[in-house]
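Below is one structure, written out as structure tokens; the observations come after it.
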Amino acid sequence: MSNAYDPKEVEQKIYALWEKNKFFHAKTGTDKKKYSVVIPPPNVTGILHMGHALNNTIQDILVRYKRMQGFEVLWMPGTDHAGIATQNVVEKKLKAEKKRKEDLGREKFIENVWQWKEKYGSTIINQLKRLGCSCDWDRERFTMDEGLSNAVKEVFVDLYNRDLIYRGTYIINWCPRCRTALSDEEAEHMDIDGAFYHIKYPIIRKNQQGNPTKDDYVVVATTRPETMLGDVAICVNPKDKRYKHLKDAQEVTLPILNRKLKIIFDEEVDVEVGTGVLKVTPAHDPVDFELGKKYGLEEINVMNEDATINAIGGEFEGMDRFEAREAIINKLKQMGLFVKSEVHRHAVGHCYRCNTMVEPRLSPQWFVKMKPLAVPAIKAVEKDEINFYPKRWEKVYLNWMNNIRDWCISRQIWWGHRIPVYYCQNCYDDKDLTDNRRGVIVSKTKPEKCPECKGTDIKQEEDVLDTWFSSWLWPFSTMGWPQKTKELHEFYPTSMLATAQDIIFFWVARMIMAGYAFMGKAPFKDIYIHGIVRDDKGRKMSKSIGNIIDPLDIIDKFGTDALRFSIISITAQGQDIFLSEKKFEVGRNFANKLWNASRFVKMNLKEDVIGVSLEDLVKCGKLNSADRWIISRFYKTADEVSKYLETYKLNDAANRIYEFVWHEFCDWYLEMSKLTIEQKNTQVVLYNILEMSLRIMHPIMPFISEEIWQGLPKEEDAKISIMVSLWPKSKKKMKDTVIDKKMALIIEIIQTVRNIRANWKIEPVKFIDIAIKVTQDEEVDMIRDNQIYIKRLARVENITVSTTVEKPEHAGVAVIGDLELFVPLKGVIDIDREKLRLNDLIDELKKKLNLVSDRLEKGDFVNKAPEKIVNMEKERKNVLETEISGLEKNLAQL
RNA sequence: GGGCGCGUAGUUCAGUUGGUUAGAAUAUCUCGUUUACACCGAGGAGGUCAGAGGUUCGAGUCCUCUCGCGCCCACCA
């Protein structure tokens, strides 16, 4: 064992050991307890970022913890096919070869994507291994696998037959760059500085002669002037007095195209916005679309798939939407119809994959009716069948679910699950797209012939499904659904889902809906929502800002365990995590501390420590105070750590372990153990406490705990990995509050002496004498019994303890509860300084005493507060009073 | 426009159902002896718990308002 801990070689070696022995689905116990978690499948194009690292560390901690508790654990890893993202990646690659996907054709292109996936798709999986994830790698899944694809088809057909899937022509979010529809969730709203363009539309009055006069205009305000090419009407609020005169008008003229526009009156129009006049463009705006339906207006689409203007735009044909915007403004200016533009900040949807501004577009798409699916999913959370940790996310979830809108699931890309819908070319009328089922065959397999006309010319739908349409089935599709498999029987519903808040709507809510719709049960019981990883300024980590902290860099620099420990220790439930590289030093230092402590223990294990149980040692009552104390502390710690892990307070668990290992075990116990290190009992305690400490920290720091554990002596038939050892059980008899209190006092005495030494600048090497005045005889024995610790750790030569100790003539003085401690200071004393110090101390104590006395004099407190609290205060008052009188006496003597 | 979260030591954060003297880590200062560890040890200093009011015997914790910061949702063209 070398001096400093070097994680790199250790990690590789250890992971290989686990993989070789297939510990990932090993059972440590004989119980039938099952535990399964749902991994948020990372995007197959992705590389591990800090969010993944956090998410998977959380899952791995819980999985390892449960496995050590004897649960049979199932943690299925995998990736999703990330339709748009993956297609973009492969298209980019083709572009570098100066090819377009259209040149290859659909089949060839998909072949290309698969090749890409085979080559690069396991990057993130390998990175998860470096993170130490103990997933069941033999069961890795991919959303495009045959099994999962089968589940997707099954679900589509089922939902269609239940009337929960329909096709219709509506305004959807369209990404002109990816040239596909997006769901509402995939359009990310971002505030941008736009403008309100004020444009004059000429009014044509009834019975009007000649051209309109210069007053015959109505001013329309729009943020997207280019869509005016598709205007079919203008609309004002009937209550708006400013536009009363429009009731006498017949029509208005659309500038440039000179189309006649209807004038409609509808309460929907907000008088406050813009000029109060809304231009109605049913094919390019959702509000206008509704108005169009209401008033039977024509839908004029003026754009192509890539958001360039189409032939209807006349002279603007072929221009990009933003180019057209400018050109139209210029034209209007020439015509004298442009009034002004006003700065206007508003939220505009952007494609979540390529960040292109979304264009609302009228097109035929497939939708899932969400309201009926939401009903059981809402109830489940309301009735606490599913619990969010922290609970506040329930509100967010319920709010979204109660206002849920239909889900646009069709995508106009090639990579994904092709929609299992077939059209009979004979009887299907592709002009009538709204709810027309004639000639539409929805089937898992391609039908031989049309059931209506027996025609055999049948073509499959070109669109593919939203990637989330496969992800939302993950909890059961990965277990073999729709087959009735053993896994489903044993592991569904799963126990826990850990994820960040950003995919609650995308994924969590939909999984719950799918769980009820297809399994009749919730997919999981607990949802642990952790924060989002940000940089130390609170910004999301992103490539464009360049503030990414790469977990693999951190692993290289500090080690995986350091990464895991550090990030977990700062992840308070539900709070976002602000990271900087510095924060990983904590974990690295901790690993190093543990390593060195273990070296110390190992080099001192001279006796045969195997086969002696701590229980027996405790029972026979021959352990010295320090040995007995650390056992008690350990079991207390283990209980607390278990409690924290059960309630998803992983940071508390990590910090409790840190506190125990560093401060209780290393700082105090190891130092004390040096006094009796030659004794077998002490060695047995050292060994067992270290070994069990390794076990409770194993879920958080799997590599170093395993490495040290491997180097410890073991019984011959012992398990070969800490990973499958048992979690220390709570044992009441091993905890001892009396010894806890005694040692706490001894420790405080030591600290007090050290304090006085520092205060008086007593040479560190010098041994000194101390005297302690106690109030009870038992305390005399207690301190005498444990004086070796005081002598050693505070560098004390002689200790005088009794109830009658008098303060020596010149002495440093301290009060610990009801005992007084004196350090004779012959030769070094500075009386004035000590006087000042005592005075300050007395003042401080008096202030506290006053507060306590005031409270005790208050009738309300004595009468209304619980007796326990009142007694506590009374006791405190007594202690303060004795402290003060003692100090005053000392001061007088000085 | 609606909803949520956060303002605690120089800095980064903990603080369970209100209850003894508000805790860590890090930075800083002093010192450094000892059979693991300088990625270390000992000791010190550092807080009007954002502000104002209220409930209570008792508030960092509960309520109301104000100020500052962040996030999510939403078809105001």
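By order in the structure tokens, chains are A, B, ...; within a chain, residues start at 1; ligands start at 1, following the order shown.
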| request: Please report, as a PyMOL selection string, each residue of region 300-400 of chain A to which DSSP assigns strand (DSSP E or B) when run on this structure's backbone. | output: chain A and resi 303+308-309+320+338-351+357+359-368+387-389
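If you take only C-alpha atoms (C1' of nucleotides) and a cut-off of 7 Å, the residues of chain B that reach chain A are G19, U20, U33, A36, C37, C39, G43, C57, C75, C76 and A77 of chain B.
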Can you write just those residues out, N, CA and C atoms (P, O5', C5', C4', C3', O3' and C1' of nucleotides), as a CSV table (one decimal), in the first residue's frame?
chain,number,residue,atom,x,y,z
B,19,G,P,-37.2,24.0,16.9
B,19,G,O5',-37.3,24.4,18.4
B,19,G,C5',-36.6,25.5,18.9
B,19,G,C4',-36.2,25.4,20.3
B,19,G,C3',-35.7,24.0,20.7
B,19,G,O3',-34.6,24.1,21.6
B,19,G,C1',-37.6,24.5,22.0
B,20,U,P,-33.2,24.2,21.1
B,20,U,O5',-32.8,25.5,21.9
B,20,U,C5',-31.5,25.6,22.4
B,20,U,C4',-31.6,25.9,23.9
B,20,U,C3',-30.2,26.4,24.4
B,20,U,O3',-30.5,27.5,25.3
B,20,U,C1',-30.9,24.4,25.5
B,33,U,P,6.8,20.7,15.9
B,33,U,O5',5.9,19.4,15.8
B,33,U,C5',6.4,18.1,16.2
B,33,U,C4',6.5,18.0,17.7
B,33,U,C3',6.1,16.6,18.2
B,33,U,O3',7.2,15.7,18.1
B,33,U,C1',5.1,18.2,19.6
B,36,A,P,2.0,7.9,12.8
B,36,A,O5',0.9,7.3,11.9
B,36,A,C5',1.2,6.1,11.1
B,36,A,C4',0.5,6.3,9.8
B,36,A,C3',0.5,7.7,9.3
B,36,A,O3',1.6,8.0,8.5
B,36,A,C1',-1.7,6.9,9.4
B,37,C,P,2.2,9.4,8.4
B,37,C,O5',1.0,10.2,7.6
B,37,C,C5',0.8,10.0,6.2
B,37,C,C4',-0.4,10.7,5.9
B,37,C,C3',-0.4,12.2,6.0
B,37,C,O3',0.1,12.9,4.9
B,37,C,C1',-2.4,11.3,7.0
B,39,C,P,-0.7,18.6,0.9
B,39,C,O5',-2.3,18.2,1.2
B,39,C,C5',-3.4,19.2,1.2
B,39,C,C4',-4.6,18.3,1.5
B,39,C,C3',-4.2,17.3,2.5
B,39,C,O3',-4.8,17.5,3.8
B,39,C,C1',-5.0,16.2,0.5
B,43,G,P,-8.9,21.7,19.2
B,43,G,O5',-8.5,23.2,19.3
B,43,G,C5',-8.2,23.7,20.6
B,43,G,C4',-7.6,25.1,20.4
B,43,G,C3',-8.6,26.1,19.9
B,43,G,O3',-9.5,26.6,20.9
B,43,G,C1',-6.5,26.4,18.8
B,57,C,P,-48.9,32.6,24.5
B,57,C,O5',-47.4,32.7,25.0
B,57,C,C5',-47.1,33.6,26.1
B,57,C,C4',-45.7,33.3,26.6
B,57,C,C3',-44.6,33.3,25.5
B,57,C,O3',-44.2,34.6,25.2
B,57,C,C1',-44.4,31.4,26.9
B,75,C,P,-49.7,28.4,-24.4
B,75,C,O5',-49.7,29.8,-25.0
B,75,C,C5',-48.8,30.1,-26.1
B,75,C,C4',-49.5,31.1,-27.0
B,75,C,C3',-50.2,32.3,-26.2
B,75,C,O3',-49.3,33.3,-26.0
B,75,C,C1',-51.7,31.4,-27.8
B,76,C,P,-49.0,33.8,-24.5
B,76,C,O5',-48.5,35.3,-24.8
B,76,C,C5',-49.5,36.3,-24.4
B,76,C,C4',-50.2,36.8,-25.6
B,76,C,C3',-49.6,38.0,-26.3
B,76,C,O3',-48.9,37.6,-27.5
B,76,C,C1',-51.8,38.5,-25.5
B,77,A,P,-47.5,38.5,-27.8
B,77,A,O5',-47.5,38.8,-29.3
B,77,A,C5',-48.6,39.5,-29.9
B,77,A,C4',-49.2,38.5,-30.9
B,77,A,C3',-49.0,38.8,-32.3
B,77,A,O3',-48.9,37.6,-33.1
B,77,A,C1',-51.3,39.1,-31.7
| field | One-decimal distance in Å that lies between CA of Tyr528 (chain A) and CA of Ala498 (chain A) | value | 4.7 Å
| task | Name all residues at most 9 Å from region 27-29 of chain B (count only C-alpha atoms (C1' of nucleotides); drop same-chain ones fewer than 2 positions away) and give them as a PyMOL selection string. | result | chain B and resi 10-11+44-45
| field | Within 12 Å of Glu778 (chain A) using only C-alpha atoms (C1' of nucleotides), minus same-chain residues under 6 positions, as a list in words | value |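 The residues satisfying every condition are Lys742, Arg784, Asp785, Val801, Ser802 and Thr803 of chain A.
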Grab the residues selected above and save them as an mmCIF file, in the first residue's frame with N, CA, C and O atoms.
data_model
loop_
_atom_site.group_PDB
_atom_site.id
_atom_site.type_symbol
_atom_site.label_atom_id
_atom_site.label_comp_id
_atom_site.auth_asym_id
_atom_site.auth_seq_id
_atom_site.Cartn_x
_atom_site.Cartn_y
_atom_site.Cartn_z
ATOM 1 N N LYS A 742 -19.912 10.224 28.919
ATOM 2 C CA LYS A 742 -18.621 10.246 29.618
ATOM 3 C C LYS A 742 -17.517 10.705 28.688
ATOM 4 O O LYS A 742 -16.720 11.570 29.027
ATOM 5 N N ARG A 784 -10.677 9.773 36.744
ATOM 6 C CA ARG A 784 -9.465 8.998 37.032
ATOM 7 C C ARG A 784 -9.351 7.796 36.101
ATOM 8 O O ARG A 784 -8.278 7.498 35.588
ATOM 9 N N ASP A 785 -10.497 7.136 35.891
ATOM 10 C CA ASP A 785 -10.483 5.966 35.006
ATOM 11 C C ASP A 785 -10.018 6.320 33.594
ATOM 12 O O ASP A 785 -9.448 5.487 32.896
ATOM 13 N N VAL A 801 -7.868 15.308 40.913
ATOM 14 C CA VAL A 801 -9.326 15.427 40.817
ATOM 15 C C VAL A 801 -9.934 15.209 42.181
ATOM 16 O O VAL A 801 -9.627 14.215 42.860
ATOM 17 N N SER A 802 -10.790 16.111 42.609
ATOM 18 C CA SER A 802 -11.559 15.852 43.828
ATOM 19 C C SER A 802 -12.667 16.881 43.950
ATOM 20 O O SER A 802 -12.747 17.821 43.144
ATOM 21 N N THR A 803 -13.493 16.717 44.947
ATOM 22 C CA THR A 803 -14.564 17.685 45.152
ATOM 23 C C THR A 803 -14.057 18.887 45.931
ATOM 24 O O THR A 803 -14.771 19.859 46.110
#
| field | Contact residues around Glu806 (chain A) with only C-alpha atoms (C1' of nucleotides) at 10 Å, ignoring same-chain residues under 5 positions, as an MDAnalysis selection string | value | chainID A and resid 771:773 820 822 890
| field | DSSP-assigned helix (DSSP H, G or I) members of region 366-595 of chain A, reported as number ranges by chain | value | A: 371-382, 393-402, 468-471, 474-477, 486-491, 501-519, 551-558, 560-569, 581-595
| said: So that I can check the surroundings of region 18-23 of chain A, please list as a count of residues only every protein, DNA and RNA residue that reaches within 8 Å of it, counting only C-alpha atoms (C1' of nucleotides) and ignoring chain neighbours fewer than 6 positions away. | reply: 3
| said: Env of Leu880 (chain A): 8 Å cut, atoms = only C-alpha atoms (C1' of nucleotides), seq-sep filter 2 positions within chain, self excluded. Answer as a ChimeraX atom specification. | reply: /A:845-846,848-849,876-878,882-884
| Distance of CA of Arg321 (chain A) from CA of Thr308 (chain A), expressed in Å to one decimal place |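 Those two atoms sit 5.5 Å apart.
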| request: Work out how far CA of Glu382 (chain A) is from CA of Leu159 (chain A), in Å to one decimal. | output: 24.9 Å
| request: Would you please work out which residue, of A:Ala187, A:Arg656, A:Asp320, A:Arg628, is nearest to A24 (chain B) when using only C-alpha atoms (C1' of nucleotides)? | output: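 Closest to A24 (chain B), using only C-alpha atoms (C1' of nucleotides): A:Arg656.
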| request: Go through B:A42, B:C4, B:C31, B:A22 one by one, measure the shortest atom-to-atom distance of each to G60 (chain B) using only C-alpha atoms (C1' of nucleotides), and give the residue with the smallest value. | output: B:A22
| task | Tell me which of A:Lys735, A:Glu646, A:Asn150, A:Glu326 sits closest to Lys619 (chain A), counting only C-alpha atoms. | result | A:Lys735
